[in-house]
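Data block for run_22.pdb (PDB, C-alpha atoms):
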ATOM      1  CA  MET A1204      88.695-107.416 -28.036  1.00  0.00           C
ATOM      2  CA  ALA A1205      85.490-105.547 -28.889  1.00  0.00           C
ATOM      3  CA  SER A1206      83.588-104.052 -25.989  1.00  0.00           C
ATOM      4  CA  HIS A1207      79.919-104.886 -25.613  1.00  0.00           C
ATOM      5  CA  LYS A1208      77.120-102.680 -24.399  1.00  0.00           C
ATOM      6  CA  GLN A1209      75.460-104.567 -21.541  1.00  0.00           C
ATOM      7  CA  ILE A1210      71.670-104.793 -21.424  1.00  0.00           C
ATOM      8  CA  LEU A1211      69.307-106.446 -18.933  1.00  0.00           C
ATOM      9  CA  LEU A1212      66.129-107.986 -20.337  1.00  0.00           C
ATOM     10  CA  LYS A1213      63.363-109.300 -18.106  1.00  0.00           C
ATOM     11  CA  VAL A1214      61.587-112.306 -19.613  1.00  0.00           C
ATOM     12  CA  ILE A1215      58.379-113.733 -18.122  1.00  0.00           C
ATOM     13  CA  LEU A1216      57.407-117.389 -18.593  1.00  0.00           C
ATOM     14  CA  LEU A1217      53.624-117.883 -18.448  1.00  0.00           C
ATOM     15  CA  GLY A1218      51.556-121.033 -18.756  1.00  0.00           C
ATOM     16  CA  SER A1219      49.261-123.417 -16.918  1.00  0.00           C
ATOM     17  CA  SER A1220      50.597-125.584 -14.130  1.00  0.00           C
ATOM     18  CA  GLY A1221      52.658-128.533 -15.377  1.00  0.00           C
ATOM     19  CA  VAL A1222      53.351-127.325 -18.936  1.00  0.00           C
ATOM     20  CA  GLY A1223      57.110-127.381 -18.314  1.00  0.00           C
ATOM     21  CA  LYS A1224      58.065-123.751 -17.687  1.00  0.00           C
ATOM     22  CA  THR A1225      60.598-124.620 -14.985  1.00  0.00           C
ATOM     23  CA  SER A1226      62.063-127.412 -17.100  1.00  0.00           C
ATOM     24  CA  LEU A1227      62.444-125.107 -20.098  1.00  0.00           C
ATOM     25  CA  MET A1228      64.241-122.503 -17.991  1.00  0.00           C
ATOM     26  CA  ASN A1229      66.524-125.053 -16.341  1.00  0.00           C
ATOM     27  CA  GLN A1230      67.379-126.714 -19.639  1.00  0.00           C
ATOM     28  CA  TYR A1231      68.223-123.363 -21.240  1.00  0.00           C
ATOM     29  CA  VAL A1232      70.241-121.920 -18.356  1.00  0.00           C
ATOM     30  CA  ASN A1233      71.746-125.002 -16.697  1.00  0.00           C
ATOM     31  CA  LYS A1234      71.458-127.699 -19.394  1.00  0.00           C
ATOM     32  CA  MET A1235      69.597-129.846 -16.871  1.00  0.00           C
ATOM     33  CA  PHE A1236      66.312-131.771 -16.968  1.00  0.00           C
ATOM     34  CA  SER A1237      64.500-133.543 -14.154  1.00  0.00           C
ATOM     35  CA  SER A1238      61.460-135.770 -14.651  1.00  0.00           C
ATOM     36  CA  GLN A1239      60.380-135.092 -11.058  1.00  0.00           C
ATOM     37  CA  TYR A1240      57.618-132.489 -11.014  1.00  0.00           C
ATOM     38  CA  LYS A1241      57.672-129.768  -8.385  1.00  0.00           C
ATOM     39  CA  ALA A1242      55.169-126.924  -8.674  1.00  0.00           C
ATOM     40  CA  THR A1243      56.590-123.403  -8.600  1.00  0.00           C
ATOM     41  CA  ILE A1244      55.336-121.338  -5.668  1.00  0.00           C
ATOM     42  CA  GLY A1245      54.934-117.694  -6.623  1.00  0.00           C
ATOM     43  CA  ALA A1246      57.883-116.987  -8.917  1.00  0.00           C
ATOM     44  CA  ASP A1247      61.570-117.743  -9.277  1.00  0.00           C
ATOM     45  CA  PHE A1248      64.204-116.570 -11.740  1.00  0.00           C
ATOM     46  CA  LEU A1249      67.527-117.504 -13.298  1.00  0.00           C
ATOM     47  CA  THR A1250      69.892-115.366 -15.378  1.00  0.00           C
ATOM     48  CA  LYS A1251      71.888-116.142 -18.486  1.00  0.00           C
ATOM     49  CA  GLU A1252      74.279-113.944 -20.458  1.00  0.00           C
ATOM     50  CA  ILE A1253      74.207-114.087 -24.250  1.00  0.00           C
ATOM     51  CA  ILE A1254      75.539-111.979 -27.121  1.00  0.00           C
ATOM     52  CA  VAL A1255      72.928-110.468 -29.452  1.00  0.00           C
ATOM     53  CA  ASP A1256      73.992-108.105 -32.252  1.00  0.00           C
ATOM     54  CA  ASP A1257      77.205-107.167 -30.435  1.00  0.00           C
ATOM     55  CA  HIS A1258      75.308-106.475 -27.212  1.00  0.00           C
ATOM     56  CA  LEU A1259      76.031-108.371 -24.011  1.00  0.00           C
ATOM     57  CA  VAL A1260      72.517-109.275 -22.906  1.00  0.00           C
ATOM     58  CA  THR A1261      71.648-110.585 -19.468  1.00  0.00           C
ATOM     59  CA  LEU A1262      68.376-112.469 -19.648  1.00  0.00           C
ATOM     60  CA  GLN A1263      66.544-112.424 -16.327  1.00  0.00           C
ATOM     61  CA  ILE A1264      64.086-115.290 -16.854  1.00  0.00           C
ATOM     62  CA  TRP A1265      61.121-115.376 -14.472  1.00  0.00           C
ATOM     63  CA  ASP A1266      59.411-118.723 -13.948  1.00  0.00           C
ATOM     64  CA  THR A1267      55.875-118.091 -12.661  1.00  0.00           C
ATOM     65  CA  ALA A1268      53.450-120.383 -10.857  1.00  0.00           C
ATOM     66  CA  GLY A1269      50.713-121.751 -13.097  1.00  0.00           C
ATOM     67  CA  GLN A1270      48.245-122.538 -10.328  1.00  0.00           C
ATOM     68  CA  GLU A1271      45.215-120.242 -10.045  1.00  0.00           C
ATOM     69  CA  ARG A1272      45.724-119.624  -6.319  1.00  0.00           C
ATOM     70  CA  PHE A1273      48.992-117.831  -7.059  1.00  0.00           C
ATOM     71  CA  SER A1274      47.642-115.655  -9.900  1.00  0.00           C
ATOM     72  CA  SER A1275      47.327-112.434  -7.886  1.00  0.00           C
ATOM     73  CA  LEU A1276      50.816-112.901  -6.402  1.00  0.00           C
ATOM     74  CA  VAL A1277      52.423-113.709  -9.743  1.00  0.00           C
ATOM     75  CA  ALA A1278      50.900-110.674 -11.496  1.00  0.00           C
ATOM     76  CA  GLY A1279      53.129-108.425  -9.389  1.00  0.00           C
ATOM     77  CA  PHE A1280      56.189-109.800 -11.183  1.00  0.00           C
ATOM     78  CA  TYR A1281      54.980-108.714 -14.650  1.00  0.00           C
ATOM     79  CA  ARG A1282      55.904-105.055 -14.188  1.00  0.00           C
ATOM     80  CA  GLY A1283      59.024-104.028 -16.070  1.00  0.00           C
ATOM     81  CA  ALA A1284      58.977-107.089 -18.330  1.00  0.00           C
ATOM     82  CA  ASP A1285      60.669-106.696 -21.707  1.00  0.00           C
ATOM     83  CA  SER A1286      59.183-109.837 -23.241  1.00  0.00           C
ATOM     84  CA  CYS A1287      56.873-112.738 -22.458  1.00  0.00           C
ATOM     85  CA  ILE A1288      56.962-116.424 -23.366  1.00  0.00           C
ATOM     86  CA  LEU A1289      53.566-118.175 -23.399  1.00  0.00           C
ATOM     87  CA  VAL A1290      53.898-121.927 -22.860  1.00  0.00           C
ATOM     88  CA  PHE A1291      51.414-124.742 -23.356  1.00  0.00           C
ATOM     89  CA  ASP A1292      51.631-128.540 -23.294  1.00  0.00           C
ATOM     90  CA  VAL A1293      50.828-130.108 -26.688  1.00  0.00           C
ATOM     91  CA  THR A1294      49.267-133.074 -24.850  1.00  0.00           C
ATOM     92  CA  GLN A1295      46.934-130.854 -22.776  1.00  0.00           C
ATOM     93  CA  PRO A1296      44.337-128.891 -24.825  1.00  0.00           C
ATOM     94  CA  GLU A1297      43.205-126.927 -21.756  1.00  0.00           C
ATOM     95  CA  SER A1298      46.678-125.448 -21.375  1.00  0.00           C
ATOM     96  CA  PHE A1299      46.446-124.186 -24.957  1.00  0.00           C
ATOM     97  CA  LYS A1300      42.996-122.665 -24.396  1.00  0.00           C
ATOM     98  CA  LYS A1301      44.422-120.773 -21.417  1.00  0.00           C
ATOM     99  CA  LEU A1302      46.809-118.744 -23.605  1.00  0.00           C
ATOM    100  CA  ASP A1303      44.176-116.123 -24.442  1.00  0.00           C
ATOM    101  CA  SER A1304      43.454-115.206 -20.838  1.00  0.00           C
ATOM    102  CA  LEU A1305      47.133-115.382 -19.860  1.00  0.00           C
ATOM    103  CA  ARG A1306      48.114-112.976 -22.622  1.00  0.00           C
ATOM    104  CA  ASP A1307      45.281-110.557 -21.810  1.00  0.00           C
ATOM    105  CA  GLU A1308      46.020-110.624 -18.087  1.00  0.00           C
ATOM    106  CA  PHE A1309      49.706-110.037 -18.707  1.00  0.00           C
ATOM    107  CA  LEU A1310      49.076-106.946 -20.852  1.00  0.00           C
ATOM    108  CA  ILE A1311      46.747-105.507 -18.207  1.00  0.00           C
ATOM    109  CA  GLU A1312      49.093-106.117 -15.280  1.00  0.00           C
ATOM    110  CA  ALA A1313      52.392-105.337 -17.038  1.00  0.00           C
ATOM    111  CA  SER A1314      51.071-102.163 -18.724  1.00  0.00           C
ATOM    112  CA  PRO A1315      53.799-102.077 -21.417  1.00  0.00           C
ATOM    113  CA  ARG A1316      54.400 -98.772 -23.221  1.00  0.00           C
ATOM    114  CA  ASP A1317      53.476-100.299 -26.582  1.00  0.00           C
ATOM    115  CA  PRO A1318      51.065-103.195 -25.909  1.00  0.00           C
ATOM    116  CA  GLU A1319      50.201-103.624 -29.598  1.00  0.00           C
ATOM    117  CA  ASN A1320      53.806-104.536 -30.426  1.00  0.00           C
ATOM    118  CA  PHE A1321      54.955-106.127 -27.171  1.00  0.00           C
ATOM    119  CA  PRO A1322      57.317-109.084 -27.843  1.00  0.00           C
ATOM    120  CA  PHE A1323      55.557-112.400 -27.208  1.00  0.00           C
ATOM    121  CA  ILE A1324      56.457-115.875 -28.405  1.00  0.00           C
ATOM    122  CA  VAL A1325      54.540-119.121 -27.921  1.00  0.00           C
ATOM    123  CA  LEU A1326      56.106-122.483 -27.075  1.00  0.00           C
ATOM    124  CA  GLY A1327      54.262-125.734 -27.645  1.00  0.00           C
ATOM    125  CA  ASN A1328      56.174-127.915 -25.213  1.00  0.00           C
ATOM    126  CA  LYS A1329      56.538-131.691 -24.672  1.00  0.00           C
ATOM    127  CA  ILE A1330      56.645-132.652 -28.349  1.00  0.00           C
ATOM    128  CA  ASP A1331      58.689-135.690 -27.290  1.00  0.00           C
ATOM    129  CA  LEU A1332      55.489-137.290 -25.911  1.00  0.00           C
ATOM    130  CA  GLU A1333      53.341-139.515 -28.113  1.00  0.00           C
ATOM    131  CA  ASN A1334      49.831-138.524 -26.971  1.00  0.00           C
ATOM    132  CA  ARG A1335      49.739-135.180 -28.724  1.00  0.00           C
ATOM    133  CA  GLN A1336      46.372-133.364 -28.625  1.00  0.00           C
ATOM    134  CA  VAL A1337      47.104-129.874 -30.019  1.00  0.00           C
ATOM    135  CA  LYS A1338      48.217-129.755 -33.661  1.00  0.00           C
ATOM    136  CA  ALA A1339      50.913-127.337 -34.773  1.00  0.00           C
ATOM    137  CA  THR A1340      48.546-125.813 -37.353  1.00  0.00           C
ATOM    138  CA  ARG A1341      46.045-124.942 -34.605  1.00  0.00           C
ATOM    139  CA  ALA A1342      48.717-123.226 -32.513  1.00  0.00           C
ATOM    140  CA  GLN A1343      50.098-121.385 -35.547  1.00  0.00           C
ATOM    141  CA  ALA A1344      46.618-120.131 -36.471  1.00  0.00           C
ATOM    142  CA  TRP A1345      46.147-118.720 -32.958  1.00  0.00           C
ATOM    143  CA  CYS A1346      49.544-117.000 -33.133  1.00  0.00           C
ATOM    144  CA  GLN A1347      48.705-115.458 -36.506  1.00  0.00           C
ATOM    145  CA  SER A1348      45.453-114.088 -35.071  1.00  0.00           C
ATOM    146  CA  LYS A1349      47.497-112.290 -32.374  1.00  0.00           C
ATOM    147  CA  LYS A1350      49.570-110.144 -34.722  1.00  0.00           C
ATOM    148  CA  ASN A1351      51.752-113.027 -35.934  1.00  0.00           C
ATOM    149  CA  ILE A1352      53.337-114.101 -32.668  1.00  0.00           C
ATOM    150  CA  LEU A1353      56.243-116.443 -33.391  1.00  0.00           C
ATOM    151  CA  TYR A1354      55.652-120.110 -32.528  1.00  0.00           C
ATOM    152  CA  PHE A1355      58.186-122.782 -31.560  1.00  0.00           C
ATOM    153  CA  GLU A1356      57.634-126.470 -30.809  1.00  0.00           C
ATOM    154  CA  THR A1357      59.889-127.496 -27.942  1.00  0.00           C
ATOM    155  CA  SER A1358      60.946-130.321 -25.694  1.00  0.00           C
ATOM    156  CA  ALA A1359      62.636-129.498 -22.406  1.00  0.00           C
ATOM    157  CA  LYS A1360      63.556-133.147 -22.020  1.00  0.00           C
ATOM    158  CA  GLU A1361      65.199-133.507 -25.436  1.00  0.00           C
ATOM    159  CA  ASP A1362      66.449-129.884 -25.601  1.00  0.00           C
ATOM    160  CA  ILE A1363      64.612-129.157 -28.850  1.00  0.00           C
ATOM    161  CA  ASN A1364      64.327-125.549 -30.104  1.00  0.00           C
ATOM    162  CA  ILE A1365      64.915-124.038 -26.645  1.00  0.00           C
ATOM    163  CA  HIS A1366      68.057-122.056 -27.500  1.00  0.00           C
ATOM    164  CA  GLN A1367      66.446-120.762 -30.689  1.00  0.00           C
ATOM    165  CA  ALA A1368      63.314-119.667 -28.821  1.00  0.00           C
ATOM    166  CA  PHE A1369      65.148-117.704 -26.127  1.00  0.00           C
ATOM    167  CA  GLN A1370      67.547-116.178 -28.665  1.00  0.00           C
ATOM    168  CA  THR A1371      64.560-115.027 -30.716  1.00  0.00           C
ATOM    169  CA  ILE A1372      62.743-113.458 -27.768  1.00  0.00           C
ATOM    170  CA  ALA A1373      65.941-111.611 -26.819  1.00  0.00           C
ATOM    171  CA  CYS A1374      66.347-110.273 -30.371  1.00  0.00           C
ATOM    172  CA  ASN A1375      62.708-109.160 -30.534  1.00  0.00           C
ATOM    173  CA  ALA A1376      62.897-107.485 -27.132  1.00  0.00           C
ATOM    174  CA  LEU A1377      66.031-105.582 -28.177  1.00  0.00           C
ATOM    175  CA  LYS A1378      64.353-104.393 -31.379  1.00  0.00           C
ATOM    176  CA  GLN A1379      61.332-103.193 -29.430  1.00  0.00           C
ATOM    177  CA  GLU A1380      63.527-101.378 -26.892  1.00  0.00           C
ATOM    178  CA  ALA A1381      65.319 -99.627 -29.746  1.00  0.00           C
ATOM    179  CA  LYS A1382      61.994 -98.495 -31.245  1.00  0.00           C
ATOM    180  CA  VAL A1383      60.816 -97.131 -27.895  1.00  0.00           C
ATOM    181  CA  GLU A1384      64.121 -95.290 -27.350  1.00  0.00           C
ATOM    182  CA  ILE A1385      63.926 -93.694 -30.805  1.00  0.00           C
ATOM    183  CA  SER A1386      60.320 -92.670 -30.164  1.00  0.00           C
ATOM    184  CA  SER A1387      61.288 -91.167 -26.784  1.00  0.00           C
ATOM    185  CA  ASP A1388      64.220 -89.275 -28.344  1.00  0.00           C
ATOM    186  CA  ILE A1389      61.928 -87.805 -30.998  1.00  0.00           C
ATOM    187  CA  SER A1390      59.394 -86.723 -28.365  1.00  0.00           C
ATOM    188  CA  GLU A1391      62.117 -85.073 -26.267  1.00  0.00           C
ATOM    189  CA  THR A1392      63.515 -83.288 -29.331  1.00  0.00           C
ATOM    190  CA  ILE A1393      60.090 -81.921 -30.222  1.00  0.00           C
ATOM    191  CA  THR A1394      59.522 -80.790 -26.651  1.00  0.00           C
ATOM    192  CA  LEU A1395      62.881 -79.018 -26.499  1.00  0.00           C
ATOM    193  CA  ARG A1396      62.301 -77.296 -29.810  1.00  0.00           C
ATOM    194  CA  ASP A1397      58.877 -76.132 -28.703  1.00  0.00           C
ATOM    195  CA  ARG A1398      60.453 -74.606 -25.611  1.00  0.00           C
ATOM    196  CA  GLN A1399      63.600 -73.139 -27.117  1.00  0.00           C
ATOM    197  CA  GLU A1400      62.648 -72.333 -30.701  1.00  0.00           C
ATOM    198  CA  PRO A1401      58.953 -71.451 -30.816  1.00  0.00           C
ATOM    199  CA  THR A1402      57.560 -71.490 -34.330  1.00  0.00           C
ATOM    200  CA  PRO A1403      56.670 -67.960 -35.494  1.00  0.00           C
ATOM    201  CA  SER A1404      52.987 -67.352 -35.886  1.00  0.00           C
ATOM    202  CA  ARG A1405      51.656 -67.026 -39.419  1.00  0.00           C
ATOM    203  CA  GLY A1406      52.075 -63.534 -40.758  1.00  0.00           C
ATOM    204  CA  CYS A1407      55.029 -62.659 -38.531  1.00  0.00           C
ATOM    205  CA  ASN A1408      58.001 -61.013 -40.283  1.00  0.00           C
ATOM    206  CA  CYS A1409      60.655 -62.441 -37.880  1.00  0.00           C
TER     207      CYS A1409
END
Turn the structure described in the file into structure tokens.
Amino acid sequence: MASHKQILLKVILLGSSGVGKTSLMNQYVNKMFSSQYKATIGADFLTKEIIVDDHLVTLQIWDTAGQERFSSLVAGFYRGADSCILVFDVTQPESFKKLDSLRDEFLIEASPRDPENFPFIVLGNKIDLENRQVKATRAQAWCQSKKNILYFETSAKEDINIHQAFQTIACNALKQEAKVEISSDISETITLRDRQEPTPSRGCNC
């Protein structure tokens, strides 16, 4: 049996209150859905182990409160995040408009090493409902304007596209981690060479 390198990835779920972040997490991790709404206070998390490219990946999925009064408390959980899932409700245009400020706030508070290429995805949730207000084309256009963030239309109730979305964010986070590690290795190599093998000055006969 092949051995797997184990990796922990911290995933943050962000979105306005009531967009279905908790339901998405519970459906993905526990295959459960409840129609009873209960607002998240502060933050909570669940873990799920998956295999990605022969790596055993533990996803630590953080469900954050969407209410404004918890914003300062929630921001403290962004540090150390490897990826972020932005969620809006396709029946609530205001929740879609909030994505800009949520993304900007996350990048400020999380301070990722490479903010330009940080792994985000966007979920347009509750597509099982009939009173849709935000078209897919509108959401896709916004994602393209933010360096082509990937977009998924989901339903926590019907379990639509949830596995694919989380699998994708895990893959993207792993790719980004690999890029950062390679960059760090190169920097360390250069530093060591500068210390141990100084380049001769021009004109030296060494």
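Coordinates place atom CA of A:Glu1356 at a distance of 11.9 Å from atom CA of A:Arg1335.
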- Task: I would like the residues chosen by the PyMOL selection byres ((chain A and resi 1377) around 12) on the shown file; could you give them as a ChimeraX atom specification?
- Result: /A:1209-1214,1254-1262,1285-1286,1321-1322,1370-1376,1378-1384
Given the selection you just returned, output its residues as a file containing C-alpha atoms, formatted as a short mmCIF file (atom, residue, chain, number, x, y, z; two decimals), in the frame of the given file.
data_model
loop_
_atom_site.label_atom_id
_atom_site.label_comp_id
_atom_site.auth_asym_id
_atom_site.auth_seq_id
_atom_site.Cartn_x
_atom_site.Cartn_y
_atom_site.Cartn_z
CA GLN A 1209 75.46 -104.57 -21.54
CA ILE A 1210 71.67 -104.79 -21.42
CA LEU A 1211 69.31 -106.45 -18.93
CA LEU A 1212 66.13 -107.99 -20.34
CA LYS A 1213 63.36 -109.30 -18.11
CA VAL A 1214 61.59 -112.31 -19.61
CA ILE A 1254 75.54 -111.98 -27.12
CA VAL A 1255 72.93 -110.47 -29.45
CA ASP A 1256 73.99 -108.10 -32.25
CA ASP A 1257 77.20 -107.17 -30.44
CA HIS A 1258 75.31 -106.48 -27.21
CA LEU A 1259 76.03 -108.37 -24.01
CA VAL A 1260 72.52 -109.28 -22.91
CA THR A 1261 71.65 -110.58 -19.47
CA LEU A 1262 68.38 -112.47 -19.65
CA ASP A 1285 60.67 -106.70 -21.71
CA SER A 1286 59.18 -109.84 -23.24
CA PHE A 1321 54.96 -106.13 -27.17
CA PRO A 1322 57.32 -109.08 -27.84
CA GLN A 1370 67.55 -116.18 -28.66
CA THR A 1371 64.56 -115.03 -30.72
CA ILE A 1372 62.74 -113.46 -27.77
CA ALA A 1373 65.94 -111.61 -26.82
CA CYS A 1374 66.35 -110.27 -30.37
CA ASN A 1375 62.71 -109.16 -30.53
CA ALA A 1376 62.90 -107.48 -27.13
CA LYS A 1378 64.35 -104.39 -31.38
CA GLN A 1379 61.33 -103.19 -29.43
CA GLU A 1380 63.53 -101.38 -26.89
CA ALA A 1381 65.32 -99.63 -29.75
CA LYS A 1382 61.99 -98.50 -31.24
CA VAL A 1383 60.82 -97.13 -27.90
CA GLU A 1384 64.12 -95.29 -27.35
#
- Message: Quick one: residues within 8 Å of stretch 1281-1283 of chain A, all atoms listed in the file, excluding same-chain residues fewer than 4 positions away - as a VMD selection string?
- Response: chain A and resid 1213 1215 1277 1309 1312 to 1315
Applied to the shown file, which residues does the PyMOL selection byres ((chain A and resi 1331) around 10) return, written as a PDB file with C-alpha atoms, keeping the file's coordinate frame?
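Result written to out37.pdb:
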ATOM      1  CA  VAL A1293      50.828-130.108 -26.688  1.00  0.00           C
ATOM      2  CA  ASN A1328      56.174-127.915 -25.213  1.00  0.00           C
ATOM      3  CA  LYS A1329      56.538-131.691 -24.672  1.00  0.00           C
ATOM      4  CA  ILE A1330      56.645-132.652 -28.349  1.00  0.00           C
ATOM      5  CA  LEU A1332      55.489-137.290 -25.911  1.00  0.00           C
ATOM      6  CA  GLU A1333      53.341-139.515 -28.113  1.00  0.00           C
ATOM      7  CA  ASN A1334      49.831-138.524 -26.971  1.00  0.00           C
ATOM      8  CA  ARG A1335      49.739-135.180 -28.724  1.00  0.00           C
ATOM      9  CA  GLU A1356      57.634-126.470 -30.809  1.00  0.00           C
ATOM     10  CA  THR A1357      59.889-127.496 -27.942  1.00  0.00           C
ATOM     11  CA  SER A1358      60.946-130.321 -25.694  1.00  0.00           C
ATOM     12  CA  ALA A1359      62.636-129.498 -22.406  1.00  0.00           C
ATOM     13  CA  LYS A1360      63.556-133.147 -22.020  1.00  0.00           C
ATOM     14  CA  GLU A1361      65.199-133.507 -25.436  1.00  0.00           C
ATOM     15  CA  ASP A1362      66.449-129.884 -25.601  1.00  0.00           C
ATOM     16  CA  ILE A1363      64.612-129.157 -28.850  1.00  0.00           C
TER      17      ILE A1363
END
- Task: Could you tell me which residues the PyMOL selection byres ((chain A and resi 1296-1306) around 12) grabs in this file, written as an MDAnalysis selection string?
- Result: chainID A and resid 1215:1223 1267 1269:1271 1274 1277:1278 1281 1286:1295 1307:1314 1318:1319 1321:1328 1334:1339 1341:1343 1345:1346 1348:1349 1352
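Considering all atoms listed in the file, the residue among A:Leu1227, A:Ile1264, A:Ala1284, A:Ala1344 positioned nearest to A:Leu1249 is A:Ile1264.
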- Item | Counting all atoms listed in the file, the option among A:Phe1280, A:Glu1252, A:Arg1316, A:Asn1351 closest to A:Asn1233 | A:Glu1252
- Task: Would you mind reading off the distance between atom CA of A:Asp1247 and atom CA of A:Tyr1354, one decimal, in Å?
- Result: 24.1 Å
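Between atom CA of A:Phe1369 and atom CA of A:Thr1225 there is a distance of 13.9 Å.
The shortest atom-to-atom distance to A:Phe1355, with only C-alpha atoms taken into account, belongs to A:Gln1367 out of A:Asn1320, A:Gln1367, A:Thr1250, A:Ser1237.
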Box centre and edge lengths (Å, one decimal), axis-aligned, stretch 1310-1329 of chain A plus 4 Å each side, as JSON:
{"center_x": 52.0, "center_y": -115.2, "center_z": -22.9, "size_x": 18.6, "size_y": 40.9, "size_z": 23.1}
